[in-house]
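Shown next: coords_5.cif, containing mmCIF, C-alpha atoms, pLDDT in the B column; chains and numbers go by the auth columns.
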data_upload
#
loop_
_atom_site.group_PDB
_atom_site.id
_atom_site.type_symbol
_atom_site.label_atom_id
_atom_site.label_comp_id
_atom_site.label_asym_id
_atom_site.label_seq_id
_atom_site.Cartn_x
_atom_site.Cartn_y
_atom_site.Cartn_z
_atom_site.B_iso_or_equiv
_atom_site.auth_seq_id
_atom_site.auth_asym_id
ATOM 1 C CA MET A 1 -96.958 -114.190 223.329 54.00 25 H
ATOM 2 C CA ILE A 2 -95.645 -110.652 223.672 62.00 26 H
ATOM 3 C CA LEU A 3 -98.261 -107.965 224.156 73.00 27 H
ATOM 4 C CA ASP A 4 -97.593 -104.507 222.773 83.00 28 H
ATOM 5 C CA TYR A 5 -99.737 -102.710 225.363 87.00 29 H
ATOM 6 C CA GLU A 6 -98.826 -100.594 228.353 93.00 30 H
ATOM 7 C CA PRO A 7 -101.090 -98.966 230.951 95.00 31 H
ATOM 8 C CA GLY A 8 -102.384 -95.705 229.518 96.00 32 H
ATOM 9 C CA ASP A 9 -102.447 -96.936 225.903 96.00 33 H
ATOM 10 C CA LYS A 10 -105.641 -96.286 223.934 97.00 34 H
ATOM 11 C CA VAL A 11 -107.160 -99.343 222.237 96.00 35 H
ATOM 12 C CA VAL A 12 -110.279 -100.492 220.401 96.00 36 H
ATOM 13 C CA ASN A 13 -111.882 -103.908 220.107 95.00 37 H
ATOM 14 C CA PRO A 14 -112.474 -104.355 216.360 94.00 38 H
ATOM 15 C CA SER A 15 -115.135 -107.025 216.935 93.00 39 H
ATOM 16 C CA ASN A 16 -117.107 -104.702 219.297 94.00 40 H
ATOM 17 C CA LYS A 17 -116.528 -101.179 217.980 94.00 41 H
ATOM 18 C CA GLU A 18 -119.605 -99.918 219.851 97.00 42 H
ATOM 19 C CA TRP A 19 -117.568 -100.256 223.084 97.00 43 H
ATOM 20 C CA GLY A 20 -115.712 -97.148 221.943 97.00 44 H
ATOM 21 C CA ILE A 21 -112.125 -96.237 222.720 97.00 45 H
ATOM 22 C CA GLY A 22 -110.622 -97.843 225.784 97.00 46 H
ATOM 23 C CA GLN A 23 -107.652 -97.068 227.971 97.00 47 H
ATOM 24 C CA VAL A 24 -105.492 -99.932 229.214 97.00 48 H
ATOM 25 C CA GLN A 25 -105.560 -100.038 233.026 97.00 49 H
ATOM 26 C CA SER A 26 -103.445 -103.111 233.814 96.00 50 H
ATOM 27 C CA ILE A 27 -101.883 -106.182 232.237 94.00 51 H
ATOM 28 C CA ILE A 28 -101.468 -109.529 234.002 93.00 52 H
ATOM 29 C CA LYS A 29 -100.146 -112.288 231.753 91.00 53 H
ATOM 30 C CA GLU A 30 -102.593 -112.466 228.802 91.00 54 H
ATOM 31 C CA LYS A 31 -105.389 -110.569 230.598 95.00 55 H
ATOM 32 C CA VAL A 32 -105.702 -106.850 229.871 96.00 56 H
ATOM 33 C CA THR A 33 -108.077 -104.650 231.905 97.00 57 H
ATOM 34 C CA VAL A 34 -109.438 -101.863 229.728 98.00 58 H
ATOM 35 C CA ASN A 35 -111.784 -99.016 230.657 98.00 59 H
ATOM 36 C CA PHE A 36 -113.957 -98.477 227.551 98.00 60 H
ATOM 37 C CA GLU A 37 -115.864 -95.209 227.090 97.00 61 H
ATOM 38 C CA ASN A 38 -119.249 -96.845 226.378 97.00 62 H
ATOM 39 C CA VAL A 39 -119.235 -100.037 228.480 97.00 63 H
ATOM 40 C CA GLY A 40 -116.837 -99.390 231.362 97.00 64 H
ATOM 41 C CA LYS A 41 -114.143 -101.771 232.531 98.00 65 H
ATOM 42 C CA LYS A 42 -113.674 -105.087 230.796 97.00 66 H
ATOM 43 C CA VAL A 43 -111.062 -107.788 231.336 97.00 67 H
ATOM 44 C CA ILE A 44 -109.950 -108.953 227.906 95.00 68 H
ATOM 45 C CA ASN A 45 -108.265 -112.311 227.351 95.00 69 H
ATOM 46 C CA THR A 46 -105.880 -111.524 224.509 91.00 70 H
ATOM 47 C CA LYS A 47 -105.790 -115.202 223.516 92.00 71 H
ATOM 48 C CA ASN A 48 -109.424 -114.783 222.399 93.00 72 H
ATOM 49 C CA ILE A 49 -109.772 -111.083 221.517 92.00 73 H
ATOM 50 C CA GLU A 50 -107.251 -108.956 219.669 91.00 74 H
ATOM 51 C CA LEU A 51 -107.176 -105.298 220.639 94.00 75 H
ATOM 52 C CA ILE A 52 -105.865 -102.660 218.247 94.00 76 H
ATOM 53 C CA LYS A 53 -103.711 -99.918 219.676 94.00 77 H
ATOM 54 C CA ILE A 54 -104.532 -96.336 218.652 93.00 78 H
ATOM 55 C CA ASN A 55 -101.701 -93.884 218.173 81.00 79 H
ATOM 56 C CA ASP A 56 -102.633 -90.381 219.318 62.00 80 H
#

What is this file in structure tokens?
Amino acid sequence: MILDYEPGDKVVNPSNKEWGIGQVQSIIKEKVTVNFENVGKKVINTKNIELIKIND
């Protein structure tokens, strides 16, 4: 699996839109750490949750 995220990218979790916009902090294998505006930092397993990248 190739992830199309880099640290600094803005993303949203379409299944939890109330989390707000998040900024990718780090990527280790399939785990992406994202700092979301409404819920803080979350570690997302991209095998289970698909994030959508936002183009500014």

Determine, counting all atoms listed in the file, every residue of protein, DNA or RNA that lies within 10 Å of (-111.6, -92.5, 219.0) in the file coordinates, then give the result as a PyMOL selection string. chain H and resi 34-36+44-46+61+78+80

Carefully work through the PyMOL selection byres ((chain H and resi 74) around 12) for this structure and note down the residues it includes, as JSON, numbers by chain. {"H": [27, 28, 29, 35, 36, 37, 38, 39, 40, 54, 55, 56, 68, 69, 70, 71, 72, 73, 75, 76, 77]}

The residues within 8 Å of (-107.0, -99.1, 228.6), using all atoms listed in the file and the coordinates of the file, should be reported as a list in words; which are they? Pro31, Gly32, Asp33, Lys34, Val35, Gly46, Gln47, Val48, Gln49, Ser50, Val56, Thr57, Val58, Asn59 and Phe60 of chain H

Enclose stretch 55-74 of chain H, meaning all of its atoms listed in the file, in a box aligned along x, y and z, pad it by 5 Å on each side, and list the centre and edge lengths in Å to one decimal, as lines of an AutoDock Vina configuration file.
center_x = -112.3
center_y = -105.2
center_z = 226.1
size_x = 23.9
size_y = 30.0
size_z = 22.9
